[in-house]
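Source file final.txt; content: compact mmCIF, C-alpha atoms.
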# COMPACT_ATOMS: atom_id res chain seq x y z
CA MET N 7 106.91 141.77 222.48
CA ALA N 8 104.49 140.41 219.93
CA PHE N 9 101.80 142.65 218.55
CA ARG N 10 98.35 141.79 219.88
CA TYR N 11 95.03 143.58 219.41
CA ASP N 12 91.89 142.60 221.35
CA ILE N 13 88.42 143.51 220.12
CA ARG N 14 85.02 142.84 221.68
CA LEU N 15 81.79 143.26 219.72
CA SER N 16 78.82 143.49 222.07
CA GLY N 17 75.11 144.19 222.06
CA SER N 18 71.93 142.21 222.12
CA GLY N 19 71.22 138.88 220.45
CA GLY N 20 69.89 139.48 216.97
CA GLN N 21 72.17 142.44 216.27
CA GLY N 22 74.44 140.17 214.25
CA LEU N 23 77.59 140.52 216.34
CA ILE N 24 78.76 136.95 215.84
CA LEU N 25 78.47 137.37 212.08
CA ILE N 26 80.60 140.51 212.01
CA GLY N 27 83.11 138.84 214.34
CA ILE N 28 83.49 136.03 211.81
CA ILE N 29 83.66 138.43 208.87
CA LEU N 30 86.34 140.51 210.60
CA ALA N 31 88.35 137.45 211.61
CA GLU N 32 88.20 135.96 208.11
CA ALA N 33 89.21 139.28 206.56
CA ILE N 34 92.25 139.54 208.81
CA GLY N 35 93.11 135.83 208.94
CA ILE N 36 92.36 134.58 205.45
CA TYR N 37 92.81 137.68 203.32
CA ASP N 38 95.35 139.73 205.31
CA GLY N 39 97.20 136.60 206.49
CA LYS N 40 97.64 137.43 210.18
CA TYR N 41 96.91 135.20 213.16
CA VAL N 42 93.36 135.63 214.43
CA VAL N 43 91.14 133.86 216.90
CA GLN N 44 87.44 134.60 216.96
CA THR N 45 85.47 133.50 219.99
CA GLN N 46 82.00 133.30 221.46
CA SER N 47 81.66 132.51 225.15
CA TYR N 48 78.52 131.49 226.97
CA GLY N 49 77.97 131.04 230.67
CA PRO N 50 74.91 130.81 232.85
CA GLU N 51 74.28 134.51 232.14
CA ALA N 52 73.86 133.76 228.43
CA ARG N 53 70.09 133.52 228.60
CA GLY N 54 69.77 137.29 229.15
CA GLY N 55 69.66 138.06 225.43
CA SER N 56 73.06 139.72 225.41
CA SER N 57 75.56 138.79 222.77
CA LYS N 58 79.29 139.19 222.53
CA SER N 59 81.89 138.13 220.08
CA GLU N 60 85.64 138.56 220.41
CA VAL N 61 88.42 138.88 217.87
CA VAL N 62 92.07 138.68 218.86
CA VAL N 63 94.67 139.60 216.25
CA SER N 64 98.38 138.92 216.49
CA ASP N 65 101.48 138.73 214.37
CA THR N 66 102.42 135.43 215.99
CA GLU N 67 100.47 132.36 217.07
CA ILE N 68 97.92 133.23 219.75
CA ASP N 69 98.38 131.26 222.95
CA TYR N 70 95.61 132.84 224.94
CA PRO N 71 92.64 133.47 222.65
CA LYS N 72 90.25 134.97 225.19
CA ALA N 73 90.22 138.74 224.94
CA MET N 74 92.12 140.32 227.81
CA LYS N 75 92.19 144.09 228.28
CA LEU N 76 90.48 145.49 225.21
CA ASP N 77 92.02 147.67 222.54
CA CYS N 78 88.58 148.22 221.06
CA LEU N 79 85.04 147.78 222.31
CA LEU N 80 82.02 148.08 220.06
CA ALA N 81 78.85 148.50 222.11
CA MET N 82 75.60 148.30 220.18
CA ASN N 83 73.38 148.88 223.23
CA GLN N 84 73.53 150.59 226.61
CA LYS N 85 73.80 147.41 228.65
CA SER N 86 76.85 146.11 226.81
CA CYS N 87 78.47 149.52 227.06
CA ASP N 88 77.87 149.61 230.82
CA ASP N 89 78.98 146.00 231.29
CA TYR N 90 82.22 146.12 229.35
CA TYR N 91 83.73 149.63 229.15
CA MET N 92 85.80 148.84 232.26
CA ASP N 93 87.57 146.11 230.26
CA LEU N 94 89.09 148.69 227.90
CA LYS N 95 92.75 149.61 228.17
CA PRO N 96 93.30 153.23 229.28
CA ASP N 97 93.85 154.24 225.66
CA GLY N 98 91.34 151.73 224.29
CA LEU N 99 88.84 152.72 221.64
CA LEU N 100 85.14 152.85 222.53
CA ILE N 101 82.69 152.84 219.61
CA VAL N 102 78.98 152.98 220.38
CA ASP N 103 75.76 152.84 218.44
CA SER N 104 74.38 156.21 219.56
CA THR N 105 70.89 155.09 218.53
CA PHE N 106 70.78 153.07 221.76
CA VAL N 107 73.79 154.17 223.81
CA THR N 108 72.97 157.57 225.23
CA GLN N 109 75.04 157.55 228.41
CA ILE N 110 78.72 157.49 227.57
CA PRO N 111 80.87 156.32 230.47
CA LEU N 112 84.19 157.64 229.15
CA PRO N 113 85.43 161.09 228.20
CA LYS N 114 86.20 159.94 224.67
CA ALA N 115 84.06 157.68 222.52
CA TYR N 116 83.05 157.48 218.91
CA GLN N 117 79.29 157.84 218.80
CA ILE N 118 77.72 156.86 215.50
CA PRO N 119 74.02 156.06 215.04
CA PHE N 120 74.49 152.73 213.23
CA THR N 121 70.94 151.49 213.63
CA HIS N 122 69.43 154.86 212.76
CA MET N 123 71.57 154.93 209.61
CA ALA N 124 70.48 151.40 208.71
CA ARG N 125 66.85 152.39 209.07
CA THR N 126 66.97 155.71 207.25
CA ILE N 127 69.57 155.14 204.51
CA PHE N 128 68.95 151.46 203.78
CA LYS N 129 65.45 150.85 205.18
CA ARG N 130 66.93 147.65 206.61
CA GLU N 131 67.79 147.64 210.29
CA MET N 132 69.64 144.36 209.81
CA VAL N 133 72.62 146.08 208.17
CA ALA N 134 73.44 148.13 211.29
CA ASN N 135 76.07 145.53 212.16
CA ILE N 136 77.78 145.86 208.77
CA ILE N 137 77.77 149.67 209.05
CA ALA N 138 79.36 149.30 212.48
CA LEU N 139 81.93 146.88 211.06
CA GLY N 140 82.93 149.43 208.42
CA ALA N 141 83.30 152.13 211.07
CA LEU N 142 85.32 149.87 213.35
CA ALA N 143 87.63 148.95 210.50
CA LYS N 144 88.26 152.59 209.68
CA LEU N 145 88.75 153.67 213.30
CA THR N 146 91.06 150.81 214.28
CA GLY N 147 92.94 150.34 211.01
CA ILE N 148 93.22 146.67 211.98
CA VAL N 149 92.10 145.31 208.61
CA SER N 150 92.60 146.34 205.02
CA PRO N 151 89.40 147.70 203.43
CA LYS N 152 89.80 145.42 200.44
CA SER N 153 90.08 142.28 202.57
CA LEU N 154 87.10 143.34 204.61
CA GLU N 155 84.93 143.87 201.55
CA LEU N 156 85.90 140.45 200.16
CA SER N 157 85.08 138.85 203.48
CA VAL N 158 81.70 140.61 203.75
CA LEU N 159 80.75 139.50 200.25
CA SER N 160 81.69 135.89 200.99
CA ARG N 161 79.56 135.71 204.14
CA VAL N 162 76.34 137.65 203.53
CA PRO N 163 73.29 135.96 202.00
CA LYS N 164 73.18 135.76 198.22
CA GLY N 165 71.30 138.67 196.71
CA THR N 166 72.27 141.08 199.51
CA GLU N 167 75.83 141.73 198.33
CA LYS N 168 75.23 145.27 197.06
CA LEU N 169 73.22 146.26 200.10
CA ASN N 170 75.94 145.04 202.41
CA ARG N 171 78.78 146.57 200.44
CA ASP N 172 77.00 149.91 200.50
CA ALA N 173 76.38 149.54 204.24
CA LEU N 174 80.05 148.77 204.84
CA ARG N 175 81.10 151.83 202.87
CA ALA N 176 78.58 154.01 204.71
CA GLY N 177 80.15 152.88 207.97
CA ILE N 178 83.63 153.75 206.73
CA LYS N 179 82.45 157.21 205.67
CA ALA N 180 80.67 157.84 208.96
CA ALA N 181 83.87 156.94 210.80
CA GLU N 182 85.90 159.35 208.69
CA LYS N 183 83.45 162.09 209.63
CA ALA N 184 83.52 161.12 213.32
CA LYS N 185 87.30 161.15 213.29
CA LYS N 186 87.38 164.69 211.96
CA ALA N 187 84.97 165.79 214.68
CA PHE N 188 87.58 164.91 217.29
CA SER N 189 89.93 167.88 217.24
CA PRO N 190 93.53 166.89 217.90
CA ARG N 191 94.48 167.01 221.54
CA ILE N 192 96.56 170.10 222.17
CA ILE N 193 98.72 170.02 225.23
CA SER N 194 99.17 173.70 226.04
CA GLU N 195 100.64 173.20 229.45
CA ARG N 196 102.78 170.23 230.37
CA GLU N 197 101.37 168.62 233.44
CA ASP N 198 104.72 167.31 234.52
CA GLU N 199 106.44 170.70 234.26
CA ASP N 200 107.17 170.93 237.98
CA THR N 201 108.65 167.50 238.43
CA MET Y 13 88.73 117.99 238.39
CA ALA Y 14 86.26 119.98 236.36
CA PHE Y 15 84.44 118.34 233.49
CA ARG Y 16 85.72 119.48 230.12
CA TYR Y 17 84.85 118.25 226.63
CA ASP Y 18 86.73 119.39 223.52
CA ILE Y 19 85.21 119.15 220.05
CA ARG Y 20 86.66 120.08 216.68
CA LEU Y 21 84.50 120.37 213.56
CA SER Y 22 86.63 120.27 210.44
CA GLY Y 23 86.36 120.09 206.70
CA SER Y 24 86.52 122.49 203.80
CA GLY Y 25 85.30 126.06 203.64
CA GLY Y 26 81.70 126.14 202.50
CA GLN Y 27 80.71 123.00 204.41
CA GLY Y 28 79.14 125.17 207.10
CA LEU Y 29 81.32 124.11 210.01
CA ILE Y 30 81.38 127.52 211.69
CA LEU Y 31 77.59 127.63 211.61
CA ILE Y 32 77.20 124.26 213.30
CA GLY Y 33 79.85 125.24 215.84
CA ILE Y 34 77.77 128.28 216.76
CA ILE Y 35 74.54 126.29 216.82
CA LEU Y 36 76.09 123.64 219.06
CA ALA Y 37 77.62 126.23 221.40
CA GLU Y 38 74.36 128.15 221.69
CA ALA Y 39 72.41 124.98 222.36
CA ILE Y 40 74.75 124.00 225.18
CA GLY Y 41 75.43 127.49 226.51
CA ILE Y 42 72.12 129.28 226.18
CA TYR Y 43 69.60 126.45 226.36
CA ASP Y 44 71.42 123.83 228.46
CA GLY Y 45 73.12 126.48 230.61
CA LYS Y 46 76.68 125.13 230.67
CA TYR Y 47 79.90 127.03 230.04
CA VAL Y 48 80.91 126.94 226.40
CA VAL Y 49 83.50 128.65 224.28
CA GLN Y 50 83.27 128.44 220.52
CA THR Y 51 86.32 129.41 218.50
CA GLN Y 52 87.64 129.89 214.99
CA SER Y 53 91.37 130.24 214.51
CA TYR Y 54 93.15 131.43 211.41
CA GLY Y 55 96.84 131.47 210.68
CA PRO Y 56 98.88 131.86 207.54
CA GLU Y 57 97.65 128.42 206.45
CA ALA Y 58 94.05 129.67 206.40
CA ARG Y 59 94.05 130.38 202.67
CA GLY Y 60 94.07 126.69 201.83
CA GLY Y 61 90.30 126.43 201.88
CA SER Y 62 90.18 124.33 205.02
CA SER Y 63 87.82 125.25 207.80
CA LYS Y 64 87.71 124.36 211.43
CA SER Y 65 85.57 125.37 214.32
CA GLU Y 66 86.04 124.37 217.95
CA VAL Y 67 83.62 123.98 220.83
CA VAL Y 68 84.81 123.55 224.41
CA VAL Y 69 82.23 122.62 227.03
CA SER Y 70 82.75 122.74 230.77
CA ASP Y 71 80.83 122.79 234.02
CA THR Y 72 82.95 125.68 235.26
CA GLU Y 73 84.35 128.81 233.65
CA ILE Y 74 86.75 127.98 230.83
CA ASP Y 75 90.22 129.40 231.33
CA TYR Y 76 91.83 128.00 228.26
CA PRO Y 77 89.33 128.06 225.39
CA LYS Y 78 91.51 126.62 222.65
CA ALA Y 79 90.71 122.95 222.12
CA MET Y 80 93.43 120.75 223.57
CA LYS Y 81 93.38 116.99 223.11
CA LEU Y 82 90.07 116.24 221.47
CA ASP Y 83 87.19 114.25 222.89
CA CYS Y 84 85.48 114.37 219.52
CA LEU Y 85 86.61 115.14 215.99
CA LEU Y 86 84.18 115.57 213.13
CA ALA Y 87 86.00 115.34 209.80
CA MET Y 88 83.95 116.24 206.76
CA ASN Y 89 86.75 115.60 204.27
CA GLN Y 90 89.86 113.45 203.97
CA LYS Y 91 92.35 116.27 204.49
CA SER Y 92 90.85 117.36 207.81
CA CYS Y 93 90.71 113.75 208.97
CA ASP Y 94 94.39 113.26 208.08
CA ASP Y 95 95.41 116.59 209.61
CA TYR Y 96 93.64 116.26 212.94
CA TYR Y 97 93.04 112.64 213.97
CA MET Y 98 96.32 112.72 215.90
CA ASP Y 99 94.81 115.39 218.16
CA LEU Y 100 92.21 112.95 219.48
CA LYS Y 101 92.53 111.51 222.95
CA PRO Y 102 93.16 107.73 222.95
CA ASP Y 103 89.47 107.15 223.63
CA GLY Y 104 88.33 110.13 221.56
CA LEU Y 105 85.45 109.85 219.13
CA LEU Y 106 86.12 110.12 215.40
CA ILE Y 107 83.11 110.87 213.20
CA VAL Y 108 83.65 111.15 209.46
CA ASP Y 109 81.59 112.00 206.43
CA SER Y 110 82.16 108.75 204.55
CA THR Y 111 81.12 110.47 201.32
CA PHE Y 112 84.59 112.04 201.25
CA VAL Y 113 86.61 110.26 203.93
CA THR Y 114 87.51 106.86 202.57
CA GLN Y 115 90.76 106.18 204.39
CA ILE Y 116 90.11 105.83 208.10
CA PRO Y 117 93.27 106.28 210.17
CA LEU Y 118 91.95 104.70 213.38
CA PRO Y 119 90.58 101.25 214.21
CA LYS Y 120 87.30 102.76 215.36
CA ALA Y 121 85.38 105.57 213.70
CA TYR Y 122 81.78 106.36 212.98
CA GLN Y 123 81.43 106.55 209.22
CA ILE Y 124 78.22 108.15 208.03
CA PRO Y 125 77.69 109.52 204.51
CA PHE Y 126 76.40 112.95 205.55
CA THR Y 127 76.78 114.61 202.18
CA HIS Y 128 75.39 111.64 200.30
CA MET Y 129 72.36 111.67 202.63
CA ALA Y 130 71.90 115.41 202.09
CA ARG Y 131 71.95 114.90 198.34
CA THR Y 132 69.69 111.87 198.16
CA ILE Y 133 67.18 112.40 200.98
CA PHE Y 134 66.92 116.19 200.92
CA LYS Y 135 68.24 117.07 197.43
CA ARG Y 136 70.17 119.82 199.20
CA GLU Y 137 73.85 119.26 199.79
CA MET Y 138 73.92 122.28 202.11
CA VAL Y 139 72.21 120.38 204.93
CA ALA Y 140 75.06 117.87 205.26
CA ASN Y 141 76.42 119.93 208.14
CA ILE Y 142 73.11 119.80 210.02
CA ILE Y 143 72.85 116.05 209.50
CA ALA Y 144 76.38 115.75 210.88
CA LEU Y 145 75.44 117.94 213.84
CA GLY Y 146 72.53 115.65 214.69
CA ALA Y 147 74.77 112.60 214.51
CA LEU Y 148 77.46 114.24 216.63
CA ALA Y 149 74.88 115.19 219.25
CA LYS Y 150 73.62 111.63 219.43
CA LEU Y 151 77.06 110.03 219.52
CA THR Y 152 78.55 112.38 222.13
CA GLY Y 153 75.47 113.02 224.25
CA ILE Y 154 76.96 116.45 224.96
CA VAL Y 155 73.76 118.38 224.25
CA SER Y 156 70.09 117.75 224.87
CA PRO Y 157 68.17 117.06 221.64
CA LYS Y 158 65.54 119.65 222.54
CA SER Y 159 68.09 122.42 223.09
CA LEU Y 160 69.81 121.52 219.86
CA GLU Y 161 66.61 121.70 217.85
CA LEU Y 162 65.75 125.11 219.35
CA SER Y 163 69.21 126.36 218.53
CA VAL Y 164 69.08 125.07 214.95
CA LEU Y 165 65.71 126.74 214.39
CA SER Y 166 66.99 130.07 215.75
CA ARG Y 167 70.03 130.13 213.45
CA VAL Y 168 69.00 128.75 210.06
CA PRO Y 169 67.57 131.03 207.37
CA LYS Y 170 63.86 131.72 207.54
CA GLY Y 171 61.85 129.34 205.41
CA THR Y 172 64.34 126.49 205.86
CA GLU Y 173 63.25 125.49 209.37
CA LYS Y 174 61.48 122.27 208.39
CA LEU Y 175 64.25 121.18 206.06
CA ASN Y 176 66.84 121.70 208.77
CA ARG Y 177 64.82 120.05 211.50
CA ASP Y 178 64.32 117.02 209.29
CA ALA Y 179 68.03 117.00 208.48
CA LEU Y 180 68.92 117.15 212.17
CA ARG Y 181 66.61 114.24 212.94
CA ALA Y 182 67.99 112.24 210.02
CA GLY Y 183 71.45 112.71 211.51
CA ILE Y 184 70.29 111.51 214.91
CA LYS Y 185 68.71 108.43 213.35
CA ALA Y 186 71.79 107.64 211.29
CA ALA Y 187 73.88 107.84 214.44
CA GLU Y 188 71.57 105.44 216.28
CA LYS Y 189 71.99 103.01 213.42
CA ALA Y 190 75.76 103.46 213.35
CA LYS Y 191 75.95 102.87 217.09
CA LYS Y 192 74.13 99.57 216.78
CA ALA Y 193 76.50 98.49 214.02
CA PHE Y 194 79.39 98.64 216.47
CA SER Y 195 79.20 95.35 218.31
CA PRO Y 196 80.41 95.63 221.89
CA ARG Y 197 84.12 95.02 222.18
CA ILE Y 198 84.69 91.59 223.61
CA ILE Y 199 88.06 91.02 225.19
CA SER Y 200 88.50 87.28 224.96
CA GLU Y 201 92.14 87.16 225.87
CA ARG Y 202 93.81 89.60 228.16
CA GLU Y 203 96.90 90.97 226.47
CA ASP Y 204 98.68 91.49 229.76
CA GLU Y 205 98.16 87.93 230.94
CA ASP Y 206 101.86 87.17 231.10
CA THR Y 207 102.94 90.21 233.03

Take the structure in this file and express it as structure tokens.
Amino acid sequence: MAFRYDIRLSGSGGQGLILIGIILAEAIGIYDGKYVVQTQSYGPEARGGSSKSEVVVSDTEIDYPKAMKLDCLLAMNQKSCDDYYMDLKPDGLLIVDSTFVTQIPLPKAYQIPFTHMARTIFKREMVANIIALGALAKLTGIVSPKSLELSVLSRVPKGTEKLNRDALRAGIKAAEKAKKAFSPRIISEREDEDT
Amino acid sequence: MAFRYDIRLSGSGGQGLILIGIILAEAIGIYDGKYVVQTQSYGPEARGGSSKSEVVVSDTEIDYPKAMKLDCLLAMNQKSCDDYYMDLKPDGLLIVDSTFVTQIPLPKAYQIPFTHMARTIFKREMVANIIALGALAKLTGIVSPKSLELSVLSRVPKGTEKLNRDALRAGIKAAEKAKKAFSPRIISEREDEDT
């Protein structure tokens, strides 16, 4: 079966989720050369101020570009986390901005304070999305770091290249740290021993 | 059958086609309250410097968000016009930037010099996409002018609001003029008279 990887980036309008969806899709599609579809959907609920952006990656042409069961969900606020965590696959990856997401609905989630980092390290809340993008890239491995950096630099406003590159790298570092904090799962007793 | 309207915005990278796709989708989805899916697809051919962005509008939830046969194609350069005009429905609407598209493959097309207008009226080539968006809105009638203006103002960089609003309105006006230039089709002799 063809490889397929479904990502949803969610939060509130103004958190720049569409932009990082485009950056991620261009990194994977243009620079890494895979098949990617990047999507925004709006329905009558769209007025609520929520925002979501989807990226589907495949090694063959994508027939159905709407995200199905998610391999990765980025939730930048509590509402989007609550609304969408059920769409994750059983082994799907949940990444939350712990600045706003305080109630984690799953036993395992990567909790990184993207917005807090943006405020304290960069004094610019607007780069929280780029920090999150760096973390997501590191945690999923879905895009090469070099492609991602090229794509970021091609899409951010002129004059903000260094800021955004630093934010991306800070996100990658934070993800490395978060990964280490998860100790490997040790199966001491096999649950299926009796069967 | 449900109403569905498929639009493709095409040209070269840097012409801002993804941005106007998002603006159009948000105008229709958030402000007009219809169902919309806005999509970018990339495959191995993506490196060529071409860019396309799709917007699918419906009055019910959209199951298949990839544009199928097109109701409207905007082609901002010759290559995209050549590549995609075959995807139009028989009665589909072709709109071209006549600054760059000089060979028109169909008997009927709206030819408006978006980039030339951007250069001469606004001294800013970058607003060619917004002029085109205004024209497309007028020619398709798919979005209310008020919603579109709100959406433009929410998405363009701060400080460029007036420029972009003026560009949008210039596009609408150019489309009105282009519409008048098409005299109504008069069928003087029925081609199927003998059958």

Residues of chain N within 6 Å of chain Y, counting all atoms listed in the file, as a tab-separated table (two decimals) with C-alpha atoms, in the coordinates of the input:
chain	number	residue	atom	x	y	z
N	35	GLY	CA	93.11	135.83	208.94
N	36	ILE	CA	92.36	134.58	205.45
N	39	GLY	CA	97.20	136.60	206.49
N	41	TYR	CA	96.91	135.20	213.16
N	42	VAL	CA	93.36	135.63	214.43
N	43	VAL	CA	91.14	133.86	216.90
N	44	GLN	CA	87.44	134.60	216.96
N	45	THR	CA	85.47	133.50	219.99
N	46	GLN	CA	82.00	133.30	221.46
N	47	SER	CA	81.66	132.51	225.15
N	48	TYR	CA	78.52	131.49	226.97
N	49	GLY	CA	77.97	131.04	230.67
N	50	PRO	CA	74.91	130.81	232.85
N	52	ALA	CA	73.86	133.76	228.43
N	53	ARG	CA	70.09	133.52	228.60

Name the closest residue to N:Asp97 among the candidates N:Lys75, N:Gln117, N:Arg171, N:Phe188; distances are taken between atoms, counting all atoms listed in the file. N:Lys75

From Y:Gly146, Y:Gly171, Y:Pro119, Y:Gly23, residue lying nearest Y:Leu106 [all atoms listed in the file]: Y:Pro119

Quick one, how far is atom CA of Y:Met138 from atom CA of Y:Ala179?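 Straight-line distance from atom CA of Y:Met138 to atom CA of Y:Ala179 works out to 10.2 Å.
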
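Here atom CA of Y:Leu86 and atom CA of Y:Ile107 stand 4.8 Å from one another.
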
Of the candidates N:Val158, N:Ala176, N:Ile118, N:Tyr11, which one gets nearest to N:Leu94 if we count all atoms listed in the file? N:Tyr11

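The space separating atom CA of N:Ser150 from atom CA of N:Lys168 comes to 19.1 Å.
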
Point (81.9, 144.4, 217.5) neighbourhood (6 Å, all atoms listed in the file) written as a ChimeraX atom specification: /N:14-16,23,80

Which residue is closest to Y:Gly104? Choose from Y:Leu160, Y:Ile19, Y:Leu175, Y:Val155 and count only C-alpha atoms.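 Smallest separation from Y:Gly104 among the options: Y:Ile19.
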
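Candidate residues Y:Leu105, Y:Ile35, Y:Ile184, Y:Met129 were compared for distance to Y:Thr152, and the nearest is Y:Leu105, using only C-alpha atoms.
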
Nearest to N:Thr166 among N:Met92, N:Met82, N:Val133, N:Met74, with distances taken over only C-alpha atoms: which residue is it? N:Val133

Could I get stretch 128-149 of chain N from the block written as a PDB file, in the first residue's frame, with N, CA and C atoms?
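Heads up, here's the output in selection19.pdb:
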ATOM      1  N   PHE N 128      11.748  35.419  21.900  1.00  0.00           N
ATOM      2  CA  PHE N 128      11.812  36.280  20.710  1.00  0.00           C
ATOM      3  C   PHE N 128      11.051  37.592  20.852  1.00  0.00           C
ATOM      4  N   LYS N 129      10.341  37.731  21.975  1.00  0.00           N
ATOM      5  CA  LYS N 129       9.523  38.947  22.196  1.00  0.00           C
ATOM      6  C   LYS N 129       8.546  39.187  21.044  1.00  0.00           C
ATOM      7  N   ARG N 130       8.205  38.130  20.337  1.00  0.00           N
ATOM      8  CA  ARG N 130       7.294  38.249  19.194  1.00  0.00           C
ATOM      9  C   ARG N 130       6.368  37.037  19.185  1.00  0.00           C
ATOM     10  N   GLU N 131       5.169  37.225  19.698  1.00  0.00           N
ATOM     11  CA  GLU N 131       4.230  36.107  19.788  1.00  0.00           C
ATOM     12  C   GLU N 131       3.959  35.484  18.421  1.00  0.00           C
ATOM     13  N   MET N 132       4.075  36.316  17.375  1.00  0.00           N
ATOM     14  CA  MET N 132       3.734  35.849  16.034  1.00  0.00           C
ATOM     15  C   MET N 132       4.600  34.697  15.521  1.00  0.00           C
ATOM     16  N   VAL N 133       5.750  34.448  16.159  1.00  0.00           N
ATOM     17  CA  VAL N 133       6.569  33.331  15.660  1.00  0.00           C
ATOM     18  C   VAL N 133       6.242  31.997  16.346  1.00  0.00           C
ATOM     19  N   ALA N 134       5.224  31.990  17.197  1.00  0.00           N
ATOM     20  CA  ALA N 134       4.843  30.724  17.854  1.00  0.00           C
ATOM     21  C   ALA N 134       4.554  29.641  16.822  1.00  0.00           C
ATOM     22  N   ASN N 135       3.927  30.036  15.700  1.00  0.00           N
ATOM     23  CA  ASN N 135       3.609  29.036  14.669  1.00  0.00           C
ATOM     24  C   ASN N 135       4.870  28.435  14.044  1.00  0.00           C
ATOM     25  N   ILE N 136       5.893  29.257  13.862  1.00  0.00           N
ATOM     26  CA  ILE N 136       7.130  28.754  13.243  1.00  0.00           C
ATOM     27  C   ILE N 136       7.884  27.853  14.230  1.00  0.00           C
ATOM     28  N   ILE N 137       7.835  28.209  15.512  1.00  0.00           N
ATOM     29  CA  ILE N 137       8.436  27.335  16.532  1.00  0.00           C
ATOM     30  C   ILE N 137       7.722  25.980  16.509  1.00  0.00           C
ATOM     31  N   ALA N 138       6.404  26.026  16.453  1.00  0.00           N
ATOM     32  CA  ALA N 138       5.617  24.788  16.416  1.00  0.00           C
ATOM     33  C   ALA N 138       5.941  23.965  15.172  1.00  0.00           C
ATOM     34  N   LEU N 139       6.135  24.652  14.051  1.00  0.00           N
ATOM     35  CA  LEU N 139       6.476  23.969  12.799  1.00  0.00           C
ATOM     36  C   LEU N 139       7.811  23.235  12.928  1.00  0.00           C
ATOM     37  N   GLY N 140       8.778  23.888  13.543  1.00  0.00           N
ATOM     38  CA  GLY N 140      10.080  23.245  13.769  1.00  0.00           C
ATOM     39  C   GLY N 140       9.930  22.003  14.636  1.00  0.00           C
ATOM     40  N   ALA N 141       9.129  22.114  15.690  1.00  0.00           N
ATOM     41  CA  ALA N 141       8.926  20.978  16.591  1.00  0.00           C
ATOM     42  C   ALA N 141       8.222  19.837  15.861  1.00  0.00           C
ATOM     43  N   LEU N 142       7.203  20.183  15.114  1.00  0.00           N
ATOM     44  CA  LEU N 142       6.451  19.156  14.371  1.00  0.00           C
ATOM     45  C   LEU N 142       7.360  18.436  13.367  1.00  0.00           C
ATOM     46  N   ALA N 143       8.207  19.193  12.711  1.00  0.00           N
ATOM     47  CA  ALA N 143       9.121  18.588  11.744  1.00  0.00           C
ATOM     48  C   ALA N 143      10.039  17.586  12.427  1.00  0.00           C
ATOM     49  N   LYS N 144      10.551  17.975  13.573  1.00  0.00           N
ATOM     50  CA  LYS N 144      11.478  17.095  14.307  1.00  0.00           C
ATOM     51  C   LYS N 144      10.757  15.848  14.811  1.00  0.00           C
ATOM     52  N   LEU N 145       9.548  16.032  15.342  1.00  0.00           N
ATOM     53  CA  LEU N 145       8.829  14.917  15.968  1.00  0.00           C
ATOM     54  C   LEU N 145       8.258  13.938  14.942  1.00  0.00           C
ATOM     55  N   THR N 146       7.899  14.438  13.774  1.00  0.00           N
ATOM     56  CA  THR N 146       7.325  13.557  12.755  1.00  0.00           C
ATOM     57  C   THR N 146       8.384  13.006  11.810  1.00  0.00           C
ATOM     58  N   GLY N 147       9.450  13.772  11.588  1.00  0.00           N
ATOM     59  CA  GLY N 147      10.448  13.367  10.596  1.00  0.00           C
ATOM     60  C   GLY N 147       9.924  13.388   9.170  1.00  0.00           C
ATOM     61  N   ILE N 148       8.830  14.080   8.939  1.00  0.00           N
ATOM     62  CA  ILE N 148       8.152  14.028   7.633  1.00  0.00           C
ATOM     63  C   ILE N 148       8.818  14.927   6.590  1.00  0.00           C
ATOM     64  N   VAL N 149       9.692  15.810   7.032  1.00  0.00           N
ATOM     65  CA  VAL N 149      10.317  16.754   6.099  1.00  0.00           C
ATOM     66  C   VAL N 149      11.790  16.909   6.469  1.00  0.00           C
TER      67      VAL N 149
END
